[in-house]
Amino acid sequence: MWAIKGRIVPMASDASVAADEKAAFAGKVWIGDDGRVAAVTRARRKDPPGSENALVVDVGTSLVLPGFVDLHNHLAYNTLPLWSEPGRPAPYAHHNSWPGAKSYAGEVTWPAYALITAAPAELLAYVETKAIVGGTTTIQGSPPKNRPRDGWLVRNLEDETFGTGNANLVYASVLTAKPAQLAARANSMRAGSLFVYHCAEGKPGTIVAREFEAAQRAGCLQNRFVAVHATAVPKEGFAAWGGQGAAPGAIAWSPFSNLWLYGETTDVPAALANGIAVCLGSDWAPSGTKHVLGEAKVARLASKAFGWNLADADIVRMMTSVPGDVLARAWPCQVGRLQPRAVADVVVIGAKAGAEPFGTVVDATERDVELVVVDGRPRYGTKALMKAAGAKPTTTVRVAGEQRALALTQPDDPAAVLKWGDVVDRLNEVRKHPKREIENAQATLAAWAGRLDADDAPLRLALDMPTGASPVGGLPKDLDDVTVPPLETLAHDRAWLDAVSGGGFHGGLLDDLARWYP
Amino acid sequence: MTEAPATAATAQEGVPLVDHLAQQVLNELDGGERALVVDTLTDVIGGAYAHLPAKRAAYAVDPVRALTQLRRRSGDLTDTDFHRMLAGVVTGLRDAHTRYAARRTMTVAALPFLVEQYGPYASPTFIVGKVAESMVGDRHFKKGVRIERFNAVPIARAVDVYADRETGGRPDARRSRALESFTFRSLKHQPPPDEVEAVIDFVHDGKERRVSFPWRVVDPQRATTAVRPGTRGSAKLAVNSAAEMVRRGKMLMFSFDVWAAQFNEAKAAPSTTARGASDWIETSFPDNLAARAWETGGRTVGYLRVWTFDVDDVDGFLAEVERLLALLPRDGVIVDLRGNPGGLVWAAERMLQLFTSKPIQPTRFSLVASPLTRSMAQSPFNRMELEAWAPSLEDAVSTGDLYSQPLPLTDPEWCNEGRGTYPGPAVAVVDANTYSSGDLFAAGWADHGIGDLVTIGEATGGGGANVWTSSMLRDALAGTEHAFAALPDEARFTLSVRRAIRSGLSDGIPIEDLGIAGVPYDLTRSDLLDGNVDLVAFCADLLERR
């Protein structure tokens, strides 16, 4: 057992921890050897039994929260920069509009393909690191893999089995599903699975609204249904969904991506008014923020711009307790809350004494993320806190101008460090020689004679987004024409903000992100 | 890849078949392994085989039913009988793309000569077309002698009996393929010869003589320029793999210098065969191409031989064809694709643009619509390869279509790149052993009206599909409900996965079995013995008329 001592913001539903989700108090979060929260204690209360010799990491006045949940992403693409079609005058109508853009395949599909094919382990290391530097401990949208792999740095929502061996705890679908497929998923949800479904992504009134209607007809509007985007769902749709029961399900809200592509976003007030859980997701790098902590700022900007009056506490709930409760409908345990028996996913955010906690979290940047714990193990943080927490082995990574320690291990040896420099070097090698590296990887895979789902099989990843208007077979005539851009930095920075100001269809709304990332 | 042997003698001699078979250690399959192999073939032939509806109709065969029956009996069979019966079911589909291979060897069983035929189909004459003289002790047995009997069976009957084991869809195609592999058998794709020694009765100077040759096993290896396994091109192959190995075997036996040149440039001495003679233009793709100017009937025309489309570097290949065409006479060119077993689809289809300025529409390919192909197309691991086919496979559930939407494997832009076009008229020559990507080239040639298509036999071989290996299919189905386990080493197969249909003037017509017909021509004795002189003259006349 070990503990983190600081200002605890537990987001708990357990009354023995706090009366409500807005509570914040000086205390300790006790983490058991099983990776679960053993106890949450207030400063003046006694420590729990068995904690006499436990390591206590004191983070001072910093905030100790449940790790953030990013309920919508596409990790395979997260080394890429923001994408927009040059010269495009008007927002896209829906999700089938932009994959046909002339530059899409060359700037999105091909470079992503090169990296997942030639350096799959390094790609995962990079993009999971990009998530964890923003305090993410659970993320949706990990690329399909050929062999089971419970989380490495960050909990991958689709892969997580919690040791049950049940790979069907969560289903996800990016592409529009046929009625029969939706019907099958409706029954899967009735049997206990969560279904994360890209649904009605586009402007209201466009044809993609039918995706929601089809989901409704198939019986998918259940409490284990997560509709990603749902931007084209009208108020009546949310009302119909809300009428299904006391806890009607959830939407994954990605305001940056919606504003970037369509100039509009989900009718969040209508969803909330009908009892639908609203969870944040940063979406992928070509049209999203770098992690869910960045997306929180967009949520605040959108709320202000559209007059929704979302409180900062509401926004923090959207990336902690709300998605945690949604996941608990399929998972055998709780994330997103710090309370006994919950999974010990923890984030520490730097704060001054007495600071209002939720506004502080929404305002936090990568520099403020001081420690991230996944499954009870310190994974990322300042060198001092990682050392204090006994993290080893670690590698050093530079984030927003500061050095951080990262407990990144070799994919096949959890005791051996994977150096950050090696990760970056390998990805850059693929960038320099995409043809050679793609062909080498394909040859290695072709030479593998065993089962592809065997533990020692070469790791194979797949892209989960549309491939776009490209030749049949998806790649250019000459693989040397695959251009992989420089790796997107881990933190929101000036170059990224410049791209935000110059692209997309947000009408300047997102320019205000410069307030946090000057 | 191993290096080429130092001398022609070592490479051509190989090892006696009887020794080779003695050295082969074949693990016998137990009952469970046999069941796995049969179940896998049942699933993929029933769910992914692109020609199943057509083959059921054309040959009144039901391979799925046959495999079901074989499964019931498989435990009682000897190992050899099991493999032979399984191969028999698959060969009964008459599809050179779809084969069952009970051996992993890449070797070829060979006799040191070729049997060729000339004259009308109904009354052909069989002669020795080529001889590896260093391997033949009998001075009377030489190029041009007429063959009377093979193992004491009249040669016409022997060829027809062997043809029954072959895969051609039409009788002429089967015979043609039988002749092609009569003295060269790919041991990966076919059982070894029944006899260890072949006895030939032949006529020389009016006198009948007898000679015997032991079957020997040679290793022709894949060309260094061939499509590499695992590359994206390997999923875009349309090739008769057995014929490709036989082609390599013949090259080893009859054009050793050309065969050896690719392994070691130091060995690239001028060949003593016709292909290496001084009037042949040197090429950097000797496994694929040969070119020369040809005087006939007072005219000089260009002659371009395209041996195979099995080439990895397509841009380099096309650039080489452009270079060779530029060196040939401008008044007309003969493009000879006889015996071309195919290769990379877009090598063939992109080459068409070098002979016409008309826009080229590539051949299109369909998947058979089934739960298996739907599942395969939906797998995220196949998105890059099959995403374009997925919507129509789903729609087929409602429309009842047997096939998906046909889509090209070669991007149309790649076929119309604005490359230099040969300025004169062109004529293409094909035969029943022009197969697969060779068929696609011939189809494109005819359907775009590029020039006359001269056909030896009724038509091209009629191989209309994109072919995948069992391991490729296993990878593509991994993670789906149709996934199959790794097969024993002794059991591999290839399968026609995407059916080709023609474009342009013959839009929608399948290629399989039908082939591409053109201007008929029967080879003469002079063609076989004097370097195609009559054929070239015939083609030159056609060029003159254009």
# chains A, B, ... in the order shown; residues from 1 in each chain; ligands from 1
>>> closest_atom_pairs(of="chain B", to="chain A", cutoff="7 Å", atoms="only C-alpha atoms", output="JSON lines")
{"residue": "B:Pro229", "atom": "CA", "partner": "A:Ala443", "partner_atom": "CA", "distance": 6.5}
{"residue": "B:Gly230", "atom": "CA", "partner": "A:Ala443", "partner_atom": "CA", "distance": 4.6}
{"residue": "B:Thr231", "atom": "CA", "partner": "A:Gln442", "partner_atom": "CA", "distance": 5.8}
{"residue": "B:Pro380", "atom": "CA", "partner": "A:Ala462", "partner_atom": "CA", "distance": 5.7}
{"residue": "B:Phe381", "atom": "CA", "partner": "A:Ala462", "partner_atom": "CA", "distance": 5.0}
{"residue": "B:Met384", "atom": "CA", "partner": "A:Gly474", "partner_atom": "CA", "distance": 4.8}
{"residue": "B:Glu385", "atom": "CA", "partner": "A:Gly473", "partner_atom": "CA", "distance": 4.4}
{"residue": "B:Leu386", "atom": "CA", "partner": "A:Gly473", "partner_atom": "CA", "distance": 7.0}
{"residue": "B:Ala388", "atom": "CA", "partner": "A:Val472", "partner_atom": "CA", "distance": 6.8}
{"residue": "B:Pro408", "atom": "CA", "partner": "A:Val472", "partner_atom": "CA", "distance": 7.0}
{"residue": "B:Leu409", "atom": "CA", "partner": "A:Val472", "partner_atom": "CA", "distance": 5.9}
{"residue": "B:Asp411", "atom": "CA", "partner": "A:Pro471", "partner_atom": "CA", "distance": 5.3}
{"residue": "B:Ala486", "atom": "CA", "partner": "A:Arg451", "partner_atom": "CA", "distance": 6.4}
>>> residues_around(residues="segment 284-288 of chain A", least_positions_apart="4", cutoff="9 Å", atoms="only C-alpha atoms", output="short mmCIF file (atom, residue, chain, number, x, y, z; two decimals) with C-alpha atoms, in the first residue's frame")
data_model
loop_
_atom_site.label_atom_id
_atom_site.label_comp_id
_atom_site.auth_asym_id
_atom_site.auth_seq_id
_atom_site.Cartn_x
_atom_site.Cartn_y
_atom_site.Cartn_z
CA HIS A 72 -13.49 9.43 -27.88
CA ASN A 73 -10.24 9.20 -29.75
CA HIS A 74 -8.45 7.46 -32.62
CA LEU A 75 -4.99 6.87 -31.23
CA ALA A 76 -3.39 5.60 -34.42
CA TYR A 77 -3.49 9.09 -35.92
CA ASN A 78 -2.16 11.07 -32.99
CA THR A 79 1.31 11.79 -34.29
CA LEU A 80 -0.24 13.86 -37.07
CA PRO A 81 -0.87 17.60 -37.22
CA LEU A 82 -4.27 19.24 -37.59
CA TRP A 83 -5.71 18.59 -41.01
CA SER A 84 -7.83 20.79 -43.23
CA VAL A 108 -3.96 11.43 -42.91
CA GLY A 141 -10.13 4.53 -29.72
CA SER A 254 -15.77 16.41 -28.89
CA PRO A 255 -16.43 20.11 -29.37
CA PHE A 256 -13.09 20.95 -30.95
CA SER A 257 -13.52 18.37 -33.69
CA ASN A 258 -17.14 19.34 -34.31
CA TRP A 260 -13.27 22.31 -36.73
CA LEU A 261 -15.13 20.24 -39.30
CA GLU A 295 -10.68 19.51 -24.66
CA GLU A 488 3.22 16.38 -33.46
CA GLY A 504 -11.15 24.75 -39.66
#
>>> residues_around(residues="Asp205 of chain B", least_positions_apart="6", cutoff="12 Å", atoms="only C-alpha atoms", output="MDAnalysis selection string")
chainID B and resid 140:142 144:146
>>> atom_distance(atom1="atom CA of Ser284 of chain B", atom2="atom CA of Arg323 of chain B")
10.6 Å
